[in-house]
Every structure is written in C-alpha cells, then in structure tokens.
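Beneath this line is the structure, given in structure tokens, with notes to follow.
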Amino acid sequence: MFITQRALYCILSGLSLTLLSPASGAAVGSDCTLNGVPLYGKVKVVENFADFDVEVVSSFPDLKVQKVTSFPDRCGRWQFVTSFPDFTVRFVNSFPDLKIQYVSSFPGVR
C-alpha cells in the first residue's frame with residue numbers, strides 16, 4: 001500500500017491535535033459557563049444524573065472554586081446545598097466534564 005506524503009501529513013496532523021487536546025474536554029467560557037450553565041451559585045452533590053462530572057485536582061484546573069456559605073454570585077464561588085441547587089455535580093476520578101481546584105481566594109477561570 002502506497003501512502004503519499006500529503007496523506008501521511010494529514011494523518012499525523014490529526015493525531016497530534018487529538019493528543020494535544022485537553023484531557024477533560026472542558027471548555028469553560030470567558031463568561032464562566034460550561035454548556036450554557038453558569039459555574040457559580042448553589043451546588044448539590046449527587047450520585048446519579050448530575051449536570052457535570054467533576055474531578056478535584058491540585059494543578060491545572062479548568063476552574064478554581066471557592067467554597068462559600070453565602071453570596072455565591074461570582075465565577076467559581078460555590079455554595080453547597082441539599083435542596084434547590086442551580087446545578088448538580090458528581091465527583092469522579094476519571095473522565096470529568098470539569099476539573100476544579102479548591103482555593104481560599106481568587107476563584108474563577110485562569
């Protein structure tokens with residue numbers, strides 16, 4: 001089988017783009033949303049049917065999260081609740097929708 005240089009270049013280019021893409025696949029927007037959902041507010045942890053699968057990491061997060069007890073009104077500020085959440089999360093160890101890092105100050109997208 002004969003492969004031209006151009007075909008080989010196209011194959012290798014596609015492979016390198018796949019390997020260099022972020023592992024989590026998250027695309028947190030500059031407006032602090034993921035799939036149209038704002039990433040701040042009241043958050044409920046669930047075991048099934050979560051809006052997002054989240055992995056907690058210590059470096060290279062998609063979002064830095066600050067746990068708060070009131071006024072979760074800015075990017076990355078999460079108030080954990082048991083009822084009436086703005087969105088739900090499930091904590092996983094692999095294949096997350098979003099990687100987060102807990103911080104005590106300066107939450108948000110970096």
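Residues are named by chain letter and number: chains run A, B, ... in the order of the structure tokens, numbers start at 1 in each chain, and ligands are numbered from 1 in the order shown.
Excluding Arg74 of chain A itself and any same-chain residue fewer than 6 positions from it, the protein and nucleic acid residues within 10 Å of it, counting only C-alpha atoms, are Cys32, Pro38, Leu39, Tyr40, Gly41, Gln66, Pro107 and Gly108 of chain A.
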Name the residues in contact with Glu47 of chain A at a cut-off of 9 Å, using only C-alpha atoms, excluding same-chain residues fewer than 5 positions from it; report them as a list of chain:residue names. A:Val89, A:Arg90, A:Phe91
Shell around Val57 of chain A at 9 Å using only C-alpha atoms, local window under 5 positions removed, as a PyMOL selection string: chain A and resi 99-102
For Asp86 of chain A, which of A:Asp51, A:Asn35, A:Ser30, A:Val109 is the closest residue, counting only C-alpha atoms? A:Asp51
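When the distance limit is 10 Å and only C-alpha atoms are what count, the residues near Lys42 of chain A, minus those fewer than 6 positions from it on the same chain, are Val68, Thr69, Ser70, Phe71, Pro72, Asp73, Arg77, Trp78, Gln79, Phe80, Val81, Thr82, Ser83, Phe84, Pro85, Asp86, Phe87 and Thr88 of chain A.
Atom pair atom CA of Phe106 of chain A / atom CA of Ala50 of chain A has a distance of 25.9 Å (rounded to one decimal).
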Calculated over only C-alpha atoms, which of the candidates A:Phe52, A:Val45, A:Leu63, A:Pro96 has the smallest distance to Gly29 of chain A? A:Leu63
